[in-house]
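Q: Structure file start_16.txt (compact mmCIF, C-alpha atoms) right here:
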```
# COMPACT_ATOMS: atom_id res chain seq x y z
CA MET A 1 8.27 74.15 -156.58
CA ASP A 2 6.30 74.80 -153.40
CA ALA A 3 7.52 75.94 -150.01
CA GLN A 4 4.62 75.77 -147.63
CA GLY A 5 4.51 76.53 -143.95
CA HIS A 6 2.94 73.83 -141.78
CA GLY A 7 2.85 75.09 -138.22
CA GLU A 8 6.44 75.46 -137.12
CA ALA A 9 7.80 73.62 -140.17
CA THR A 10 8.37 74.64 -143.77
CA VAL A 11 8.07 71.92 -146.41
CA VAL A 12 9.87 72.25 -149.73
CA ASP A 13 8.97 69.72 -152.41
CA GLY A 14 7.85 69.57 -156.02
CA GLY A 15 4.29 70.49 -155.09
CA VAL A 16 0.99 69.29 -156.54
CA THR A 17 1.98 70.29 -160.07
CA GLU A 18 4.87 67.83 -160.08
CA LEU A 19 2.59 65.00 -158.94
CA VAL A 20 -0.04 65.84 -161.57
CA VAL A 21 2.60 65.86 -164.31
CA MET A 22 3.87 62.45 -163.22
CA TRP A 23 0.62 60.63 -162.43
CA VAL A 24 -1.51 62.16 -165.20
CA GLY A 25 0.97 63.40 -167.78
CA PHE A 26 3.21 60.33 -167.97
CA PRO A 27 0.37 57.82 -168.55
CA LEU A 28 -1.34 60.12 -171.08
CA LEU A 29 1.94 60.61 -172.92
CA GLY A 30 2.47 56.86 -172.95
CA ALA A 31 -1.04 56.20 -174.24
CA GLY A 32 -0.65 58.81 -176.97
CA LEU A 33 2.67 57.34 -178.06
CA GLY A 34 1.14 53.88 -178.01
CA ALA A 35 -1.76 54.99 -180.21
CA GLY A 36 0.64 56.48 -182.75
CA LEU A 37 2.77 53.35 -182.89
CA THR A 38 -0.30 51.11 -183.12
CA ALA A 39 -1.47 53.05 -186.16
CA VAL A 40 1.73 52.07 -188.01
CA SER A 41 2.28 48.71 -186.31
CA GLY A 42 2.02 46.78 -189.59
CA TRP A 43 4.75 48.89 -191.19
CA LEU A 44 6.95 48.67 -188.09
CA ALA A 45 6.58 44.88 -187.90
CA GLU A 46 8.11 44.58 -191.38
CA ARG A 47 11.24 46.55 -190.47
CA PRO A 48 13.97 44.25 -189.08
CA TRP A 49 15.80 47.18 -187.45
CA VAL A 50 12.80 48.13 -185.31
CA PRO A 51 12.97 46.76 -181.73
CA PHE A 52 9.98 44.79 -180.39
CA ASP A 53 8.97 43.82 -183.93
CA ASN A 54 7.10 40.76 -182.57
CA TRP A 55 4.95 43.07 -180.45
CA PHE A 56 4.08 45.23 -183.44
CA ALA A 57 3.33 42.11 -185.50
CA PHE A 58 0.98 40.97 -182.73
CA LEU A 59 -0.82 44.34 -182.74
CA ALA A 60 -1.11 44.25 -186.52
CA ARG A 61 -2.95 40.90 -186.37
CA LEU A 62 -5.50 42.10 -183.84
CA PRO A 63 -8.85 43.73 -184.72
CA GLU A 64 -8.47 47.52 -184.72
CA GLN A 65 -10.32 48.16 -181.45
CA GLN A 66 -8.37 45.51 -179.56
CA ALA A 67 -5.09 46.61 -181.12
CA TYR A 68 -5.53 50.19 -179.93
CA ALA A 69 -6.62 49.04 -176.48
CA ALA A 70 -3.51 46.89 -176.07
CA GLY A 71 -1.21 49.35 -177.83
CA CYS A 72 -2.24 52.20 -175.53
CA ALA A 73 -2.54 50.22 -172.29
CA VAL A 74 1.04 48.93 -172.17
CA PRO A 75 2.83 52.31 -172.53
CA ALA A 76 0.25 53.95 -170.23
CA LEU A 77 1.13 51.34 -167.60
CA ALA A 78 4.80 52.10 -168.18
CA GLY A 79 3.96 55.76 -167.54
CA LEU A 80 2.40 54.81 -164.19
CA VAL A 81 5.52 52.87 -163.26
CA LEU A 82 7.64 55.92 -164.09
CA ALA A 83 5.31 58.08 -162.00
CA TYR A 84 5.73 55.73 -159.03
CA ILE A 85 9.52 55.79 -159.38
CA GLY A 86 9.54 59.59 -159.74
CA THR A 87 7.33 60.04 -156.67
CA ARG A 88 9.54 57.76 -154.61
CA GLU A 89 12.76 59.44 -155.72
CA ARG A 90 11.72 63.08 -155.29
CA LEU A 91 13.27 64.93 -152.39
CA ILE A 92 11.02 66.34 -149.65
CA VAL A 93 12.68 68.76 -147.22
CA THR A 94 10.96 69.64 -143.94
CA VAL A 95 12.72 72.49 -142.14
CA ARG A 96 12.19 73.41 -138.50
CA ARG A 97 14.20 75.70 -136.27
CA THR A 98 15.83 72.78 -134.45
CA ALA A 99 16.08 70.10 -137.14
CA VAL A 100 15.55 69.25 -140.80
CA ARG A 101 14.07 66.06 -142.21
CA LEU A 102 15.09 64.81 -145.66
CA ARG A 103 12.97 62.16 -147.39
CA HIS A 104 14.29 60.70 -150.63
CA ASP A 105 14.01 57.37 -152.45
CA GLY A 106 12.35 55.63 -149.52
CA HIS A 107 14.97 56.85 -147.04
CA GLU A 108 14.42 59.40 -144.29
CA GLN A 109 17.12 61.33 -142.44
CA GLU A 110 16.76 63.89 -139.69
CA VAL A 111 19.64 66.26 -138.93
CA SER A 112 19.85 68.47 -135.84
CA ARG A 113 20.61 72.14 -136.43
CA ALA A 114 23.19 72.03 -133.63
CA THR A 115 25.39 69.75 -135.78
CA VAL A 116 25.19 71.91 -138.95
CA ALA A 117 27.72 74.61 -139.86
CA GLY A 118 26.31 75.47 -143.28
CA VAL A 119 23.63 74.66 -145.84
CA PHE A 120 24.07 75.20 -149.58
CA VAL A 121 23.24 73.86 -153.02
CA ASP A 122 26.11 72.31 -154.96
CA ASN A 123 25.42 71.24 -158.55
CA LYS A 124 21.72 70.59 -157.80
CA ALA A 125 22.54 68.77 -154.57
CA LEU A 126 21.34 70.05 -151.20
CA VAL A 127 24.29 69.77 -148.81
CA LEU A 128 24.34 69.97 -145.02
CA LEU A 129 27.85 70.71 -143.79
CA GLY A 130 28.83 69.47 -140.34
CA VAL A 131 30.65 71.49 -137.71
CA ASP A 132 33.65 69.15 -138.12
CA GLY A 133 33.99 70.02 -141.83
CA GLY A 134 32.39 66.79 -143.03
CA GLU A 135 29.08 66.44 -144.85
CA LEU A 136 26.03 65.29 -142.94
CA ALA A 137 23.88 64.95 -146.06
CA ARG A 138 24.11 65.44 -149.82
CA GLU A 139 20.84 64.89 -151.72
CA ARG A 140 20.38 65.60 -155.43
CA SER A 141 17.09 67.11 -156.58
CA ASP A 142 15.49 69.67 -158.88
CA LEU A 143 14.14 71.73 -155.99
CA ASP A 144 14.32 75.48 -156.51
CA ARG A 145 17.42 76.94 -154.87
CA ASP A 146 15.72 80.19 -153.84
CA ARG A 147 12.89 78.34 -152.13
CA LEU A 148 15.34 76.17 -150.24
CA ALA A 149 17.28 79.27 -149.18
CA ALA A 150 14.09 80.96 -148.01
CA ALA A 151 13.03 77.91 -146.01
CA PHE A 152 16.35 77.53 -144.21
CA THR A 153 17.03 81.21 -143.59
CA GLY A 154 13.46 81.67 -142.43
CA HIS A 155 14.18 79.23 -139.60
CA GLY A 156 17.57 80.74 -138.77
CA TRP A 157 19.79 78.15 -140.44
CA PRO A 158 23.26 79.18 -141.72
CA TRP A 159 22.63 79.30 -145.48
CA ARG A 160 25.71 79.73 -147.68
CA GLU A 161 25.90 80.81 -151.31
CA GLN A 162 28.45 78.12 -152.15
CA ASP A 163 30.57 75.37 -150.63
CA PRO A 164 33.13 77.10 -148.38
CA HIS A 165 35.50 74.15 -148.91
CA ARG A 166 35.19 74.08 -152.70
CA GLU A 167 38.83 75.03 -153.32
CA ALA A 168 40.02 72.15 -151.13
CA TYR A 169 38.78 69.39 -153.47
CA ARG A 170 41.24 67.42 -155.58
CA ARG A 171 40.36 65.12 -158.46
CA TRP A 172 40.74 61.48 -157.48
CA VAL A 173 43.44 59.57 -159.33
CA GLU A 174 44.20 56.01 -158.29
CA GLY A 175 47.22 55.86 -156.00
CA LEU A 176 47.26 59.60 -155.32
CA PRO A 177 48.97 60.30 -151.95
CA GLY A 178 47.25 62.08 -149.10
CA LEU A 179 44.25 59.82 -148.62
CA PRO A 180 43.64 58.00 -145.32
CA ALA A 181 44.33 54.27 -145.28
CA GLY A 182 41.60 52.34 -147.10
CA ALA A 183 40.08 55.37 -148.84
CA ASP A 184 41.75 54.70 -152.20
CA ALA A 185 40.18 51.23 -152.39
CA LEU A 186 36.76 52.67 -151.55
CA LEU A 187 37.14 55.35 -154.23
CA ARG A 188 38.09 52.67 -156.78
CA ALA A 189 34.96 50.70 -155.90
CA ARG A 190 32.87 53.85 -156.01
CA GLN A 191 34.25 54.76 -159.44
CA ARG A 192 33.09 51.38 -160.75
CA ALA A 193 29.66 52.02 -159.21
CA LEU A 194 29.53 55.48 -160.82
CA ASP A 195 30.43 54.05 -164.23
CA ALA A 196 27.66 51.46 -163.86
CA ASP A 197 25.09 53.91 -162.38
CA ARG A 198 24.56 51.80 -159.25
CA GLY A 199 22.97 54.50 -157.12
CA GLY A 200 22.58 52.53 -153.89
CA GLU A 201 26.19 51.41 -153.91
CA ILE A 202 27.36 54.96 -154.68
CA ARG A 203 25.50 56.22 -151.60
CA GLU A 204 26.84 53.45 -149.36
CA LEU A 205 30.45 54.04 -150.42
CA ARG A 206 30.07 57.79 -149.84
CA ALA A 207 29.02 56.98 -146.27
CA GLU A 208 32.00 54.62 -145.84
CA LEU A 209 34.37 57.35 -147.05
CA GLY A 210 32.74 59.81 -144.66
CA ARG A 211 33.57 57.50 -141.77
CA LEU A 212 37.22 57.73 -142.84
CA GLY A 213 37.03 61.53 -142.86
CA VAL A 214 36.89 61.83 -146.66
CA VAL A 215 34.28 64.05 -148.37
CA VAL A 216 33.57 63.25 -152.02
CA ARG A 217 31.67 65.16 -154.70
CA ASP A 218 30.99 64.18 -158.30
CA GLU A 219 31.16 66.03 -161.59
CA GLY A 220 29.70 63.66 -164.13
CA LYS A 221 31.64 60.42 -163.72
CA ARG A 222 34.62 62.16 -162.11
CA GLN A 223 35.22 62.05 -158.36
CA TYR A 224 36.72 64.90 -156.35
CA TRP A 225 37.72 64.52 -152.71
CA ARG A 226 38.91 66.38 -149.65
CA THR A 227 39.50 65.46 -146.05
CA ALA A 228 37.06 66.76 -143.47
CA GLY A 229 39.85 68.98 -142.14
CA GLU A 230 39.24 71.74 -139.66
CA PRO A 231 35.75 73.01 -138.89
CA LEU A 232 34.59 76.34 -140.20
CA ARG A 233 35.62 79.25 -138.02
CA ARG A 234 33.90 82.16 -139.76
CA GLU A 235 30.59 81.43 -138.06
CA GLU A 236 29.92 80.35 -134.52
CA ARG A 237 26.75 79.36 -132.77
CA THR A 238 25.36 81.62 -130.07
CA ASP A 239 22.10 81.66 -128.19
CA ALA A 240 20.87 84.27 -130.67
CA GLY A 241 21.74 82.11 -133.67
CA TRP A 242 24.64 82.09 -136.12
CA VAL A 243 26.82 85.19 -136.25
CA SER A 244 30.03 86.03 -138.03
CA GLY A 245 33.37 86.20 -136.24
CA GLU A 246 33.57 89.92 -136.95
CA GLU A 247 30.21 90.53 -135.26
CA ARG A 248 31.25 88.41 -132.29
CA ASP A 249 34.43 90.43 -131.77
CA ARG A 250 32.65 93.78 -131.71
```
What would the structure in this file look like if it were written as structure tokens?

A:
Amino acid sequence: MDAQGHGEATVVDGGVTELVVMWVGFPLLGAGLGAGLTAVSGWLAERPWVPFDNWFAFLARLPEQQAYAAGCAVPALAGLVLAYIGTRERLIVTVRRTAVRLRHDGHEQEVSRATVAGVFVDNKALVLLGVDGGELARERSDLDRDRLAAAFTGHGWPWREQDPHREAYRRWVEGLPGLPAGADALLRARQRALDADRGGEIRELRAELGRLGVVVRDEGKRQYWRTAGEPLRREERTDAGWVSGEERDR
């Protein structure tokens, strides 16, 4: 994972290596797998339990050169499709002293530092915690935690080792008291989206819950929630940056 300074900004992304793996490695892996399957296509076509048996029967009828060309081209193309999806879905974080830009899955979000009380990684998700106790952003990625920490602390952002509200979360159970009006229905809908892996709907329902003052985090298919509650008081913003309450009182 690369963290590279670009003028006043620091960019954290998967780097060139990640792109090479996706755009070169995936197609080559697909082509190699296709060549191996083409070599035994006649045997595979005779096995009723093998999926795509008609495809293997088609390859078995072709002349050898054409069979290998077709057998390698299709999975190589599938590798390119996977590379495109992987490139689109990777998280790119651009950190400046006054704001951070998050680009992920075709979406771009910019968050002002003045609205952020803490930054941390929670279960592979980069989280920006708002001054009101809510979450301004939660983006999953495989970006290196130490590089993210270096990028944010290098620009004076309040990096935290863990979620300061972690102990406040409760597992969601349908009908559990304490939720704001309408939140239980949204959590039910979101649970169905989680079970079906509907990523866009999961994101939209998280935003809807946030508007009701409910913060949600996932562990597998389980949802945990808390209300935004009171803002953090252990750190306050000053002209010199973020300082602890103890330092302020000295």

Q: May I have the residues within 7 Å of Val95 in chain A as a JSON list (two decimals) with C-alpha atoms, keeping the file's coordinate frame, using only C-alpha atoms and disregarding those fewer than 3 positions away in the same chain?

A:
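Once everything was written out, this is out01.json:
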```
[["chain", "number", "residue", "atom", "x", "y", "z"],
["A", 9, "ALA", "CA", 7.80, 73.62, -140.17],
["A", 10, "THR", "CA", 8.37, 74.64, -143.77],
["A", 11, "VAL", "CA", 8.07, 71.92, -146.41],
["A", 99, "ALA", "CA", 16.08, 70.10, -137.14],
["A", 100, "VAL", "CA", 15.55, 69.25, -140.80],
["A", 101, "ARG", "CA", 14.07, 66.06, -142.21],
["A", 151, "ALA", "CA", 13.03, 77.91, -146.01],
["A", 152, "PHE", "CA", 16.35, 77.53, -144.21]]
```

Q: Using all atoms listed in the file, which protein or nucleic acid residues come within 10 Å of Leu205 in chain A? Drop anything in the same chain fewer than 4 positions from it, and give the result as a list in words.

A: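 Returned residues: Ala183, Leu186, Leu187, Ala189, Arg190, Gln191, Ala193, Gly200, Glu201, Leu209, Gly210, Arg211 and Val216 of chain A.
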
Q: Of the candidates A:Pro177, A:Asp184, A:Leu128, A:Arg222, which one gets nearest to Trp159 in chain A if we count only C-alpha atoms?

A: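 Of all the options, A:Leu128 lies closest to Trp159 in chain A.
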
Q: Between A:Leu126, A:Val131, A:Leu143, A:Leu102, which has the minimum distance to Glu18 in chain A (counting all atoms listed in the file)?

A: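 The closest residue to Glu18 in chain A is A:Leu143.
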
Q: With all atoms listed in the file as the basis for distance, which of A:Gly134, A:Gly36, A:Gly199, A:Gly118 is at the shortest distance from Asp163 in chain A?

A: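 Looking only at the distances to Asp163 in chain A, the closest residue turns out to be A:Gly118.
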
Q: Pick the closest to Leu28 in chain A from A:Gly14, A:Pro63, A:Gly182, A:Pro75: which is it, counting only C-alpha atoms?

A: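 Smallest separation from Leu28 in chain A among the options: A:Pro75.
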
Q: Please rebuild range 157-182 of chain A with N, CA and C atoms and give the result as a compact mmCIF listing (two decimals), in the frame of the given file.

A:
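rebuild07.txt was written with the following content:
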```txt
# COMPACT_ATOMS: atom_id res chain seq x y z
N TRP A 157 18.67 79.03 -140.13
CA TRP A 157 19.79 78.15 -140.44
C TRP A 157 20.89 78.92 -141.18
N PRO A 158 22.15 78.49 -141.08
CA PRO A 158 23.26 79.18 -141.72
C PRO A 158 23.38 78.86 -143.21
N TRP A 159 22.62 79.54 -144.03
CA TRP A 159 22.63 79.30 -145.48
C TRP A 159 23.89 79.93 -146.09
N ARG A 160 24.52 79.23 -147.00
CA ARG A 160 25.71 79.73 -147.68
C ARG A 160 25.48 79.73 -149.19
N GLU A 161 26.08 80.68 -149.87
CA GLU A 161 25.90 80.81 -151.31
C GLU A 161 26.65 79.73 -152.08
N GLN A 162 27.70 79.19 -151.49
CA GLN A 162 28.45 78.12 -152.15
C GLN A 162 29.21 77.32 -151.10
N ASP A 163 29.80 76.22 -151.52
CA ASP A 163 30.57 75.37 -150.63
C ASP A 163 31.82 76.12 -150.15
N PRO A 164 31.95 76.38 -148.86
CA PRO A 164 33.13 77.10 -148.38
C PRO A 164 34.42 76.31 -148.52
N HIS A 165 34.31 75.00 -148.76
CA HIS A 165 35.50 74.15 -148.91
C HIS A 165 35.77 73.80 -150.37
N ARG A 166 35.12 74.48 -151.29
CA ARG A 166 35.19 74.08 -152.70
C ARG A 166 36.63 74.03 -153.22
N GLU A 167 37.46 74.97 -152.82
CA GLU A 167 38.83 75.03 -153.32
C GLU A 167 39.70 73.92 -152.76
N ALA A 168 39.22 73.21 -151.75
CA ALA A 168 40.02 72.15 -151.13
C ALA A 168 39.92 70.82 -151.87
N TYR A 169 38.98 70.68 -152.79
CA TYR A 169 38.78 69.39 -153.47
C TYR A 169 39.89 69.13 -154.48
N ARG A 170 40.26 67.87 -154.58
CA ARG A 170 41.24 67.42 -155.58
C ARG A 170 40.61 66.28 -156.37
N ARG A 171 40.90 66.22 -157.66
CA ARG A 171 40.36 65.12 -158.46
C ARG A 171 41.02 63.81 -158.04
N TRP A 172 40.19 62.77 -157.88
CA TRP A 172 40.74 61.48 -157.48
C TRP A 172 41.43 60.81 -158.65
N VAL A 173 42.67 60.39 -158.41
CA VAL A 173 43.44 59.57 -159.33
C VAL A 173 43.96 58.40 -158.52
N GLU A 174 43.80 57.20 -159.03
CA GLU A 174 44.20 56.01 -158.29
C GLU A 174 45.65 56.10 -157.84
N GLY A 175 45.88 55.84 -156.55
CA GLY A 175 47.22 55.86 -156.00
C GLY A 175 47.71 57.22 -155.57
N LEU A 176 46.85 58.25 -155.69
CA LEU A 176 47.26 59.60 -155.32
C LEU A 176 47.54 59.66 -153.82
N PRO A 177 48.67 60.24 -153.39
CA PRO A 177 48.97 60.30 -151.95
C PRO A 177 48.06 61.29 -151.24
N GLY A 178 48.01 61.15 -149.93
CA GLY A 178 47.25 62.08 -149.10
C GLY A 178 45.96 61.53 -148.55
N LEU A 179 45.50 60.41 -149.09
CA LEU A 179 44.25 59.82 -148.62
C LEU A 179 44.49 58.98 -147.37
N PRO A 180 43.52 58.91 -146.46
CA PRO A 180 43.64 58.00 -145.32
C PRO A 180 43.70 56.55 -145.78
N ALA A 181 44.23 55.69 -144.95
CA ALA A 181 44.33 54.27 -145.28
C ALA A 181 42.95 53.69 -145.59
N GLY A 182 42.85 52.98 -146.70
CA GLY A 182 41.60 52.34 -147.10
C GLY A 182 40.72 53.18 -147.99
```
